$ cat input_35.txt   # compact mmCIF, C-alpha atoms
# COMPACT_ATOMS: atom_id res chain seq x y z
CA MET W 176 -22.59 -7.99 -249.62
CA PHE W 177 -19.41 -9.85 -250.57
CA TRP W 178 -18.14 -6.79 -252.44
CA TRP W 179 -18.77 -4.59 -249.42
CA LYS W 180 -16.91 -7.00 -247.17
CA THR W 181 -13.92 -7.16 -249.53
CA LYS W 182 -13.80 -3.38 -249.82
CA GLY W 183 -14.04 -3.03 -246.05
CA LYS W 184 -11.25 -5.53 -245.57
CA ASN W 185 -9.04 -3.71 -248.09
CA LEU W 186 -9.64 -0.43 -246.31
CA LEU W 187 -8.74 -2.04 -243.00
CA ASP W 188 -5.58 -3.54 -244.52
CA LYS W 189 -4.56 -0.16 -245.90
CA LYS W 190 -5.17 1.50 -242.56
CA MET W 191 -3.13 -1.20 -240.82
CA GLN W 192 -0.34 -0.79 -243.34
CA LYS W 193 -0.34 2.95 -242.78
CA LEU W 194 -0.31 2.50 -239.02
CA THR W 195 2.53 -0.03 -239.01
CA ALA W 196 4.56 2.27 -241.28
CA THR W 197 4.43 5.15 -238.80
CA LYS W 198 7.42 6.02 -236.63
CA LEU W 199 5.35 5.88 -233.48
CA PHE W 200 4.25 2.32 -234.19
CA LYS W 201 7.86 1.26 -234.77
CA VAL W 202 8.99 2.96 -231.59
CA VAL W 203 6.21 1.44 -229.48
CA ALA W 204 6.80 -2.04 -230.91
CA ILE W 205 10.56 -1.90 -230.30
CA ALA W 206 10.05 -0.34 -226.85
CA ILE W 207 7.69 -3.17 -225.83
CA PHE W 208 10.23 -5.73 -227.03
CA LEU W 209 13.04 -4.00 -225.13
CA GLY W 210 10.84 -3.66 -222.05
CA LEU W 211 10.28 -7.42 -222.07
CA LEU W 212 13.99 -7.99 -222.62
CA ILE W 213 14.82 -5.84 -219.59
CA PHE W 214 12.13 -7.47 -217.47
CA PHE W 215 13.18 -11.06 -218.19
CA ASN W 216 16.88 -10.12 -218.36
CA PRO W 217 18.30 -13.30 -219.99
CA VAL W 218 21.81 -12.84 -218.62
CA LYS W 219 23.05 -16.27 -219.70
CA PHE W 220 21.91 -15.69 -223.29
CA PHE W 221 24.06 -12.59 -223.67
CA GLU W 222 27.03 -13.89 -221.67
CA PRO W 223 29.04 -15.13 -224.70
CA GLY W 224 28.50 -11.79 -226.46
CA ARG W 225 29.51 -9.84 -223.37
CA SER W 226 32.56 -12.04 -222.89
CA LEU W 227 33.62 -11.66 -226.53
CA LEU W 228 33.20 -7.88 -226.51
CA ALA W 229 35.10 -7.63 -223.22
CA GLU W 230 37.93 -9.66 -224.73
CA LEU W 231 38.01 -7.53 -227.88
CA LEU W 232 37.82 -4.22 -226.08
CA SER W 233 40.11 -5.10 -223.17
CA PRO W 234 43.44 -4.16 -224.88
CA LEU W 235 41.92 -0.97 -226.32
CA LYS W 236 40.48 -0.04 -222.93
CA LYS W 237 43.85 -0.62 -221.32
CA ILE W 238 45.52 1.71 -223.83
CA ALA W 239 42.80 4.36 -223.41
CA TYR W 240 43.03 4.13 -219.62
CA THR W 241 46.83 4.37 -219.62
CA VAL W 242 46.82 7.33 -222.03
CA ALA W 243 44.19 9.06 -219.89
CA ALA W 244 46.24 8.39 -216.75
CA ALA W 245 49.23 10.04 -218.42
CA GLY W 246 47.00 12.92 -219.49
CA GLN W 247 45.67 13.24 -215.99
CA GLY W 248 49.23 13.33 -214.75
CA ILE W 249 50.11 16.14 -217.16
CA GLY W 250 47.01 18.08 -216.19
CA GLU W 251 47.80 17.69 -212.54
CA PHE W 252 51.38 18.66 -213.16
CA VAL W 253 50.33 21.88 -214.83
CA SER W 254 47.66 22.71 -212.30
CA SER W 255 49.73 21.91 -209.25
CA ILE W 256 52.98 23.36 -210.60
CA GLY W 257 54.95 20.18 -210.50
CA GLN W 258 56.11 19.79 -206.97
CA LEU W 259 52.71 19.96 -205.34
CA LYS W 260 51.58 16.98 -207.37
CA THR W 261 54.41 14.76 -206.19
CA GLU W 262 53.94 15.89 -202.62
CA ASN W 263 50.24 15.31 -202.83
CA GLN W 264 50.65 11.81 -204.22
CA THR W 265 53.31 10.98 -201.64
CA LEU W 266 51.11 12.28 -198.83
CA LEU W 267 48.12 10.39 -200.19
CA LEU W 268 50.06 7.14 -200.29
CA GLU W 269 51.55 7.88 -196.90
CA ASN W 270 48.11 8.62 -195.54
CA GLN W 271 46.78 5.33 -196.88
CA ARG W 272 49.77 3.46 -195.50
CA LEU W 273 49.45 5.11 -192.10
CA GLN W 274 45.73 4.50 -191.91
CA ALA W 275 46.25 0.86 -192.74
CA GLN W 276 49.15 0.70 -190.29
CA GLN W 277 47.11 2.41 -187.62
CA ALA W 278 44.34 -0.10 -188.06
CA GLU W 279 46.91 -2.89 -187.98
CA LEU W 280 48.52 -1.54 -184.83
CA GLN W 281 45.15 -1.25 -183.23
CA ASP W 282 44.54 -4.88 -184.06
CA VAL W 283 47.82 -5.89 -182.50
CA GLN W 284 47.04 -3.84 -179.42
CA ASN W 285 43.73 -5.57 -179.06
CA GLU W 286 45.13 -8.98 -179.79
CA ASN W 287 44.98 -10.33 -176.24
CA THR W 288 41.78 -8.68 -175.23
CA ALA W 289 38.20 -9.77 -175.33
CA LEU W 290 37.73 -7.57 -178.37
CA ARG W 291 40.19 -9.72 -180.29
CA THR W 292 38.11 -12.74 -179.46
CA GLN W 293 34.97 -10.89 -180.53
CA LEU W 294 36.24 -9.71 -183.86
CA ASP W 295 38.74 -12.43 -184.61
CA LEU W 296 40.53 -10.24 -187.14
CA LEU W 297 42.75 -11.99 -189.59
CA PRO W 298 46.30 -10.72 -189.67
CA ARG W 299 46.84 -8.59 -192.77
CA ALA W 300 49.22 -9.51 -195.60
CA GLN W 301 48.26 -13.12 -195.27
CA PHE W 302 46.25 -13.47 -198.42
CA ASN W 303 47.05 -14.84 -201.83
CA LEU W 304 46.68 -11.74 -203.95
CA LEU W 305 46.39 -11.36 -207.71
CA PRO W 306 47.33 -7.93 -209.08
CA ALA W 307 45.03 -6.56 -211.79
CA GLU W 308 44.99 -3.38 -213.82
CA VAL W 309 41.90 -1.19 -213.94
CA ILE W 310 40.81 -0.72 -217.57
CA SER W 311 37.51 1.10 -217.25
CA GLN W 312 35.22 2.59 -214.64
CA ASN W 313 31.83 4.08 -214.00
CA LEU W 314 31.78 6.08 -210.81
CA ASP W 315 28.92 8.49 -211.30
CA GLY W 316 25.37 8.03 -210.10
CA VAL W 317 24.13 4.51 -209.69
CA GLY W 318 26.80 2.57 -211.60
CA ASN W 319 29.81 2.54 -209.35
CA TRP W 320 32.02 -0.16 -210.75
CA LEU W 321 35.51 -0.77 -212.02
CA GLU W 322 36.59 -3.20 -214.70
CA ILE W 323 39.86 -5.10 -214.32
CA ASN W 324 41.91 -6.95 -216.92
CA LYS W 325 41.81 -10.32 -215.16
CA GLY W 326 39.02 -12.86 -215.39
CA SER W 327 38.06 -16.48 -214.89
CA ASP W 328 41.11 -17.57 -216.94
CA ASP W 329 43.20 -16.19 -214.07
CA GLY W 330 41.20 -18.02 -211.44
CA LEU W 331 38.85 -15.19 -210.49
CA GLN W 332 35.35 -15.92 -209.24
CA GLU W 333 32.37 -13.81 -208.29
CA GLU W 334 32.29 -12.41 -204.74
CA MET W 335 36.09 -12.31 -204.37
CA PRO W 336 37.18 -9.18 -202.46
CA VAL W 337 39.29 -6.51 -204.17
CA VAL W 338 41.75 -4.43 -202.16
CA VAL W 339 44.54 -1.90 -202.50
CA SER W 340 47.65 -1.66 -200.34
CA GLN W 341 46.81 -5.23 -199.32
CA SER W 342 44.27 -4.28 -196.72
CA ILE W 343 42.02 -1.43 -197.84
CA LEU W 344 38.81 -2.79 -199.31
CA VAL W 345 37.71 -1.44 -202.71
CA GLY W 346 34.78 -3.76 -203.45
CA ARG W 347 34.07 -7.26 -204.67
CA LEU W 348 33.81 -9.06 -208.00
CA GLN W 349 30.32 -9.21 -209.37
CA GLU W 350 30.58 -10.40 -212.97
CA VAL W 351 33.52 -12.38 -214.28
CA THR W 352 34.23 -13.06 -217.95
CA ALA W 353 37.19 -15.03 -219.29
CA LYS W 354 39.54 -12.05 -219.53
CA THR W 355 37.88 -9.29 -217.49
CA ALA W 356 35.86 -8.80 -214.33
CA LYS W 357 33.55 -6.16 -212.93
CA VAL W 358 34.24 -4.90 -209.41
CA ILE W 359 31.28 -3.34 -207.64
CA LEU W 360 32.47 -0.62 -205.33
CA LEU W 361 31.44 -0.12 -201.73
CA THR W 362 29.44 2.93 -202.83
CA ASN W 363 27.31 0.80 -205.18
CA PRO W 364 23.77 0.34 -203.80
CA LYS W 365 24.11 -3.40 -204.44
CA SER W 366 27.08 -3.61 -202.10
CA ILE W 367 26.41 -4.75 -198.53
CA VAL W 368 29.31 -5.82 -196.29
CA ASN W 369 29.30 -6.88 -192.64
CA VAL W 370 31.60 -4.55 -190.73
CA ALA W 371 32.75 -3.67 -187.22
CA THR W 372 34.70 -0.87 -185.63
CA VAL W 373 38.22 -1.69 -184.52
CA GLN W 374 38.07 0.47 -181.40
CA THR W 375 34.85 -0.79 -179.81
CA GLY W 376 33.78 -3.78 -181.87
CA ALA W 377 30.43 -2.20 -182.73
CA ARG W 378 28.92 -4.19 -185.57
CA GLY W 379 26.75 -3.22 -188.49
CA VAL W 380 26.61 -3.28 -192.27
CA ALA W 381 28.31 -1.00 -194.78
CA ARG W 382 25.99 -0.31 -197.68
CA GLY W 383 26.37 1.82 -200.79
CA GLU W 384 24.27 4.91 -201.20
CA TYR W 385 23.77 5.31 -204.95
CA GLY W 386 27.31 6.54 -205.46
CA LEU W 387 27.00 9.15 -202.74
CA GLY W 388 29.05 7.35 -200.13
CA ILE W 389 29.07 4.43 -197.74
CA LEU W 390 26.52 4.16 -194.96
CA PHE W 391 27.38 2.36 -191.71
CA ASP W 392 23.94 1.01 -190.86
CA MET W 393 22.23 -1.27 -188.35
CA ILE W 394 24.47 -0.33 -185.40
CA LEU W 395 22.77 -1.22 -182.14
CA GLN W 396 21.85 1.73 -179.94
CA ALA W 397 23.81 0.18 -177.09
CA ASP W 398 27.03 0.09 -179.13
CA LEU W 399 29.52 2.92 -178.87
CA VAL W 400 30.60 4.46 -182.16
CA GLN W 401 32.57 7.68 -182.43
CA ASN W 402 33.83 9.90 -185.21
CA GLY W 403 37.23 8.73 -186.35
CA ASP W 404 36.70 5.07 -185.41
CA GLU W 405 38.11 2.69 -187.99
CA VAL W 406 35.75 0.31 -189.68
CA VAL W 407 36.92 -3.09 -190.85
CA THR W 408 35.14 -6.05 -192.43
CA ALA W 409 33.61 -8.38 -189.87
CA GLY W 410 33.46 -11.30 -192.24
CA SER W 411 30.41 -13.02 -190.80
CA GLY W 412 27.98 -14.53 -193.28
CA SER W 413 29.99 -13.81 -196.41
CA SER W 414 33.10 -14.75 -198.35
CA MET W 415 34.70 -11.50 -197.24
CA PRO W 416 37.69 -12.02 -194.91
CA ARG W 417 37.76 -10.19 -191.61
CA GLY W 418 39.99 -7.24 -190.91
CA LEU W 419 40.02 -5.37 -194.24
CA LEU W 420 39.91 -1.62 -193.73
CA VAL W 421 36.74 -0.01 -195.09
CA GLY W 422 37.24 3.54 -193.81
CA THR W 423 36.70 5.85 -190.87
CA VAL W 424 33.47 6.81 -189.14
CA GLN W 425 31.94 10.25 -189.52
CA ASN W 426 28.64 11.84 -188.62
CA VAL W 427 27.11 9.32 -186.22
CA HIS W 428 23.34 9.74 -185.87
CA LYS W 429 20.17 7.88 -185.02
CA ALA W 430 18.38 6.06 -187.82
CA ASP W 431 14.91 7.25 -188.85
CA ASP W 432 13.29 4.29 -187.10
CA ASN W 433 15.21 5.12 -183.86
CA LEU W 434 16.06 1.44 -183.47
CA PHE W 435 19.60 1.65 -184.76
CA GLN W 436 22.43 4.12 -185.15
CA GLN W 437 23.86 5.12 -188.51
CA ALA W 438 27.09 6.79 -189.60
CA THR W 439 28.96 7.73 -192.74
CA ILE W 440 32.10 5.79 -193.61
CA VAL W 441 34.81 7.77 -195.36
CA SER W 442 37.09 5.59 -197.45
CA PRO W 443 40.79 6.53 -197.51
CA ILE W 444 41.14 5.71 -201.21
CA LYS W 445 40.37 7.84 -204.25
CA VAL W 446 38.80 5.21 -206.46
CA SER W 447 38.80 7.34 -209.60
CA LYS W 448 42.60 7.34 -209.65
CA LEU W 449 43.10 3.64 -209.13
CA GLN W 450 45.18 1.90 -211.76
CA LEU W 451 46.23 -1.24 -209.91
CA VAL W 452 44.19 -3.33 -207.49
CA PHE W 453 44.58 -6.73 -205.86
CA VAL W 454 42.05 -9.54 -205.82
CA ILE W 455 42.11 -11.75 -202.75
CA LEU W 456 42.11 -15.29 -204.12
CA SER W 457 42.34 -17.02 -200.75
CA SER W 458 43.85 -16.79 -197.32
CA LYS W 459 47.33 -18.24 -196.83
CA MET N 151 29.88 0.35 -246.86
CA PRO N 152 32.20 3.16 -245.66
CA LYS N 153 29.25 4.56 -243.73
CA LYS N 154 28.84 1.32 -241.79
CA ILE N 155 32.54 1.12 -240.99
CA ILE N 156 32.72 4.77 -239.96
CA TYR N 157 29.66 4.61 -237.71
CA ALA N 158 30.74 1.33 -236.12
CA SER N 159 34.20 2.80 -235.45
CA LEU N 160 32.65 5.92 -233.94
CA ILE N 161 30.52 3.82 -231.61
CA LEU N 162 33.59 1.88 -230.45
CA LEU N 163 35.47 5.13 -229.98
CA ALA N 164 32.57 6.54 -227.94
CA LEU N 165 32.56 3.42 -225.75
CA LEU N 166 36.29 3.72 -225.10
CA LEU N 167 35.92 7.42 -224.34
CA GLN N 168 32.99 6.86 -222.00
CA LEU N 169 34.24 3.83 -220.11
CA SER N 170 38.01 4.21 -220.02
CA PHE N 171 39.40 7.50 -221.25
CA LEU N 172 37.21 10.27 -219.83
CA PRO N 173 36.63 8.86 -216.32
CA MET N 174 40.39 8.45 -215.78
CA LEU N 175 41.32 11.73 -217.44
CA THR N 176 38.89 13.70 -215.31
CA ALA N 177 39.50 11.65 -212.13
CA GLY N 178 35.88 10.59 -211.91
CA SER N 179 34.45 14.10 -212.14
CA MET N 180 33.31 13.55 -215.73
CA ALA N 181 29.53 13.48 -215.69
CA GLY N 182 28.55 13.32 -219.36
CA ASP N 183 27.72 10.41 -221.62
CA ALA N 184 29.77 10.19 -224.83
CA VAL N 185 27.72 7.35 -226.33
CA LEU N 186 24.38 9.05 -225.67
CA MET N 187 25.65 12.25 -227.27
CA LEU N 188 26.92 10.35 -230.33
CA VAL N 189 23.46 8.88 -230.79
CA LEU N 190 21.91 12.31 -230.33
CA ALA N 191 24.26 13.82 -232.92
CA LEU N 192 23.39 11.01 -235.35
CA ALA N 193 19.68 11.61 -234.82
CA VAL N 194 20.00 15.38 -235.29
CA LEU N 195 22.07 15.08 -238.46
CA ASN N 196 20.55 12.00 -240.12
CA GLY N 197 16.97 11.88 -238.86
CA PHE N 198 15.05 9.11 -237.12
CA GLU N 199 14.94 6.43 -239.83
CA ALA N 200 18.65 6.59 -240.62
CA SER N 201 19.78 6.76 -237.01
CA LEU N 202 17.43 4.15 -235.51
CA LYS N 203 19.50 1.07 -236.24
CA TRP N 204 22.70 2.80 -235.12
CA ALA N 205 21.00 3.90 -231.91
CA LEU N 206 20.04 0.29 -231.21
CA VAL N 207 23.49 -1.06 -232.11
CA ALA N 208 25.17 1.56 -229.91
CA GLY N 209 22.76 0.78 -227.06
CA PHE N 210 23.35 -2.95 -227.37
CA LEU N 211 27.15 -2.62 -227.34
CA TYR N 212 26.97 -0.09 -224.49
CA ASP N 213 24.83 -2.49 -222.45
CA LEU N 214 27.29 -5.32 -223.02
CA ALA N 215 30.41 -3.26 -222.41
CA SER N 216 29.10 -1.54 -219.29
CA TYR N 217 27.68 -4.69 -217.66
CA ALA N 218 24.19 -3.18 -217.75
CA THR N 219 20.96 -5.08 -218.30
CA VAL N 220 20.71 -5.65 -222.05
CA GLY N 221 18.01 -3.38 -223.42
CA GLN N 222 18.52 -0.55 -220.95
CA HIS N 223 20.60 1.78 -223.12
CA MET N 224 18.88 0.51 -226.27
CA LEU N 225 15.57 1.76 -224.90
CA ILE N 226 17.05 5.11 -223.82
CA PHE N 227 18.66 5.66 -227.23
CA LEU N 228 15.49 4.65 -229.05
CA LEU N 229 13.48 7.21 -227.10
CA VAL N 230 16.13 9.88 -227.61
CA ALA N 231 16.18 9.30 -231.39
CA TYR N 232 12.40 9.44 -231.51
CA GLY N 233 12.28 12.50 -229.26
CA VAL N 234 14.63 14.39 -231.58
CA SER N 235 12.53 13.44 -234.59
CA PHE N 236 9.28 14.36 -232.80
CA PHE N 237 10.43 17.82 -231.73
CA SER N 238 12.34 18.54 -234.93
CA ARG N 239 9.15 18.11 -236.97
CA ARG N 240 6.97 20.16 -234.67
CA LEU N 241 9.44 22.96 -234.13
CA SER N 242 10.66 22.98 -237.75
CA VAL N 243 14.22 22.85 -236.57
CA GLU N 244 16.85 24.07 -238.96
CA VAL N 245 20.16 23.48 -237.28
CA LYS N 246 21.51 26.81 -238.43
CA GLY N 247 21.21 30.20 -236.81
CA THR N 248 19.32 29.35 -233.66
CA GLY N 249 20.54 25.77 -233.91
CA LEU N 250 22.59 25.89 -230.73
CA LEU N 251 19.50 26.62 -228.67
CA PHE N 252 17.69 23.64 -230.13
CA LEU N 253 20.77 21.48 -229.59
CA LEU N 254 20.82 22.61 -225.96
CA GLY N 255 17.14 21.68 -225.68
CA PHE N 256 17.86 18.22 -227.09
CA VAL N 257 20.78 17.79 -224.72
CA VAL N 258 18.61 18.67 -221.71
CA LEU N 259 15.89 16.31 -222.92
CA ALA N 260 18.31 13.44 -223.62
CA THR N 261 20.18 13.93 -220.34
CA PHE N 262 16.95 14.01 -218.35
CA LEU N 263 15.55 10.96 -220.12
CA SER N 264 18.75 9.01 -219.68
CA THR N 265 19.19 9.94 -216.01
CA ILE N 266 15.61 9.26 -214.98
CA LEU N 267 15.44 5.94 -216.83
CA THR N 268 18.81 4.79 -215.51
CA ALA N 269 17.73 5.73 -211.98
CA GLY N 270 14.45 3.88 -212.57
CA PHE N 271 16.23 0.75 -213.81
CA SER N 272 18.53 0.89 -210.81
CA VAL N 273 15.71 1.22 -208.30
CA PHE N 274 13.79 -1.52 -210.11
CA SER N 275 16.76 -3.94 -210.22
CA ILE N 276 17.73 -3.41 -206.59
CA ALA N 277 14.11 -3.40 -205.47
CA GLY N 278 14.79 -0.42 -203.27
CA GLY N 279 11.37 1.12 -203.83
CA LEU N 280 10.35 4.34 -205.56
CA LYS N 281 11.32 6.40 -202.52
CA PHE N 282 14.95 5.90 -203.58
CA LEU N 283 14.31 7.36 -207.04
CA PRO N 284 15.31 10.95 -206.14
CA GLN N 285 18.47 9.62 -204.49
CA ALA N 286 19.28 7.53 -207.56
CA PHE N 287 18.51 10.48 -209.86
CA GLY N 288 21.02 12.68 -208.03
CA SER N 289 21.03 16.36 -207.23
CA PHE N 290 20.05 19.24 -209.52
CA SER N 291 23.64 20.52 -209.57
CA PHE N 292 24.84 17.11 -210.74
CA PHE N 293 22.20 17.13 -213.48
CA LEU N 294 23.39 20.59 -214.50
CA LEU N 295 26.97 19.36 -214.65
CA GLN N 296 25.87 16.37 -216.72
CA THR N 297 24.05 18.69 -219.14
CA ILE N 298 27.07 20.95 -219.57
CA CYS N 299 29.42 18.00 -220.15
CA ASN N 300 26.92 16.49 -222.58
CA LEU N 301 26.64 19.73 -224.54
CA GLY N 302 30.42 19.75 -224.98
CA LEU N 303 30.37 16.12 -226.08
CA LEU N 304 27.48 16.73 -228.50
CA LEU N 305 29.31 19.60 -230.18
CA PHE N 306 32.39 17.37 -230.44
CA TRP N 307 30.46 14.53 -232.13
CA TYR N 308 28.41 16.94 -234.22
CA GLN N 309 31.52 18.49 -235.77
CA ILE N 310 33.14 15.12 -236.37
CA LEU N 311 30.03 13.65 -237.98
CA ARG N 312 29.50 16.67 -240.21
CA LYS N 313 33.05 16.52 -241.46
CA LEU N 314 32.93 12.76 -241.99
CA ASN N 315 29.59 13.06 -243.79
CA ARG N 316 31.09 15.64 -246.11
CA ILE N 317 34.25 13.67 -246.82
CA PHE N 318 33.02 10.11 -247.05
CA LEU N 319 29.26 9.94 -247.36
$ encode --input "input_35.txt" --output "structure tokens"
Amino acid sequence: MFWWKTKGKNLLDKKMQKLTATKLFKVVAIAIFLGLLIFFNPVKFFEPGRSLLAELLSPLKKIAYTVAAAGQGIGEFVSSIGQLKTENQTLLLENQRLQAQQAELQDVQNENTALRTQLDLLPRAQFNLLPAEVISQNLDGVGNWLEINKGSDDGLQEEMPVVVSQSILVGRLQEVTAKTAKVILLTNPKSIVNVATVQTGARGVARGEYGLGILFDMILQADLVQNGDEVVTAGSGSSMPRGLLVGTVQNVHKADDNLFQQATIVSPIKVSKLQLVFVILSSK
Amino acid sequence: MPKKIIYASLILLALLLQLSFLPMLTAGSMAGDAVLMLVLALAVLNGFEASLKWALVAGFLYDLASYATVGQHMLIFLLVAYGVSFFSRRLSVEVKGTGLLFLLGFVVLATFLSTILTAGFSVFSIAGGLKFLPQAFGSFSFFLLQTICNLGLLLFWYQILRKLNRIFL
């Protein structure tokens, strides 16, 4: 009886040894461990590692990004036969400037009206800005972020807005390490910003659509929104200042639930080409 | 020892390519994944056992460097390495002659796995519900573009690894 039990146990041990030595067992065991890691997501535990890697990689990323920018410039130069490139860039910058100026002029025009009271837009160029270089990016699919070479050592904190040309909103800071910070873009599904149109004061939220664009959502049916209206941040209920340009309205339609209106917001900036952005530290 | 240094350097290079160099060079139209394709090339050339730890290291560093949830890319790379091993055995793959077809098959498999899992993680973390999964996955044309870019990247890594293996290992 004892002999049979011992033999049985040995057989079981051998079978277990065989099983644990298989690839499938290894894969399943590691996958379960990783699944638990993802589920519990101990962000704080990995923060020092993330911060250290960001610090180590930051100079290399900056070099890679700068070299790529030069390469992109050469490619554009060849493809656009020189002059077109310069013209295109000038027009793009001019377009951005004019759009920002147009929004600003519209604000000034509305200054003494009831709309001004409603929106209470902050005058532009009245923020303490910190310039930062973009060192990496992920724009495809669901990622939608930029990484900048400034971090908590430079006074940055989560939720701070990031702009270009002083008044066009790019996104906001989501994760800040000592030397770098992650900017989630307006097209990121995690991004939700309170916005309003400059022309009519129609309010709603701008939310990211998995990298596909920006949706102007939750607009009341009674509010008037038209194609071409400029959308600015409304500021209510967040650390986002009012009056930052988000983009222009396109394709206004009723939401599926018929309770609200929706529209697409087209941003005037080409995020993939950004090399320098500004973080709004505070209002002056 | 040289193997460890070479593979670690390649992973860092892949991270720099993926996160900084290629997105800027291609003005955001780059759809492939340089790190995923490096792991795939390692798995094809070295087999499951030899590539497992490098797949996990690459995944871990990728998760940290790309601000993703730690474990996300590790899990994807683990499954990709196992998938290559699984199909290689059953299809008796010799990466010669018809090798390119098998490589293409692996690229499609890895791209699909990576895209669907990343979309799943995204939907899960944002709590948007499964109805957003197709939106997070993206269109078929985007998947096709990803696959083509990934095939180019795989061939790039494959050639580099083969040469390095011959010279140093």
$ interface_residues --input "input_35.txt" --of "chain N" --to "chain W" --cutoff "6 Å" --atoms "all atoms listed in the file" --output "PyMOL selection string"
chain N and resi 169-171+174-175+177-178+214+221+286
$ residues_around --input "input_35.txt" --residues "range 187-193 of chain N" --least-positions-apart "2" --cutoff "10 Å" --atoms "only C-alpha atoms" --output "ChimeraX atom specification"
/N:157,160-161,164,182-185,195-202,204-206,208-209,227-228,230-235,253,256-257,260-261,299-312
$ atom_distance --input "input_35.txt" --atom1 "CA of Thr439 in chain W" --atom2 "CA of Thr423 in chain W"
8.2 Å
$ closest_residue --input "input_35.txt" --among "N:Ala218, N:Met224, N:Ile266, N:Leu314" --to "Leu186 in chain N" --atoms "all atoms listed in the file"
N:Met224
$ atom_distance --input "input_35.txt" --atom1 "CA of Gln436 in chain W" --atom2 "CA of Val380 in chain W"
11.1 Å
$ atom_distance --input "input_35.txt" --atom1 "CA of Asp329 in chain W" --atom2 "CA of Phe302 in chain W"
16.2 Å
$ closest_residue --input "input_35.txt" --among "W:Pro336, W:Pro223, W:Gly330, W:Gly383" --to "Phe453 in chain W" --atoms "all atoms listed in the file"
W:Pro336
$ closest_residue --input "input_35.txt" --among "W:Met335, W:Leu390, W:Leu348, W:Val454" --to "Ile367 in chain W" --atoms "only C-alpha atoms"
W:Leu390
$ closest_residue --input "input_35.txt" --among "W:Val351, W:Leu273, W:Leu186, W:Leu419" --to "Ser327 in chain W" --atoms "all atoms listed in the file"
W:Val351
$ residues_around --input "input_35.txt" --residues "Glu405 in chain W" --least-positions-apart "4" --cutoff "6 Å" --atoms "all atoms listed in the file" --output "number ranges by chain"
W: 372-373, 422-423
$ decode --input "input_35.txt" --residues "range 213-225 of chain N" --atoms "N, CA and C atoms" --output "CSV table (one decimal), in the first residue's frame"
chain,number,residue,atom,x,y,z
N,213,ASP,N,6.7,50.0,-21.9
N,213,ASP,CA,5.7,50.4,-21.0
N,213,ASP,C,6.1,51.7,-20.2
N,214,LEU,N,7.3,51.6,-19.7
N,214,LEU,CA,7.8,52.8,-18.9
N,214,LEU,C,8.0,54.0,-19.8
N,215,ALA,N,8.6,53.8,-21.0
N,215,ALA,CA,9.0,54.9,-21.8
N,215,ALA,C,7.8,55.5,-22.5
N,216,SER,N,6.7,54.7,-22.7
N,216,SER,CA,5.5,55.3,-23.4
N,216,SER,C,4.4,55.6,-22.5
N,217,TYR,N,4.7,55.7,-21.2
N,217,TYR,CA,3.6,56.0,-20.2
N,217,TYR,C,2.4,55.1,-20.2
N,218,ALA,N,2.7,53.8,-20.7
N,218,ALA,CA,1.5,52.9,-20.7
N,218,ALA,C,1.5,52.2,-19.4
N,219,THR,N,0.4,51.5,-19.2
N,219,THR,CA,0.2,50.6,-17.9
N,219,THR,C,1.3,49.5,-18.0
N,220,VAL,N,2.1,49.4,-16.9
N,220,VAL,CA,3.1,48.4,-16.9
N,220,VAL,C,2.5,47.0,-17.0
N,221,GLY,N,3.0,46.3,-18.0
N,221,GLY,CA,2.5,44.9,-18.2
N,221,GLY,C,1.8,44.8,-19.6
N,222,GLN,N,1.3,45.9,-20.1
N,222,GLN,CA,0.6,46.0,-21.3
N,222,GLN,C,1.4,45.4,-22.5
N,223,HIS,N,2.5,46.1,-22.8
N,223,HIS,CA,3.4,45.6,-23.9
N,223,HIS,C,4.1,44.3,-23.6
N,224,MET,N,4.3,44.1,-22.3
N,224,MET,CA,5.0,42.8,-21.9
N,224,MET,C,4.1,41.7,-22.3
N,225,LEU,N,2.8,41.8,-22.0
N,225,LEU,CA,1.8,40.8,-22.3
N,225,LEU,C,1.7,40.6,-23.8
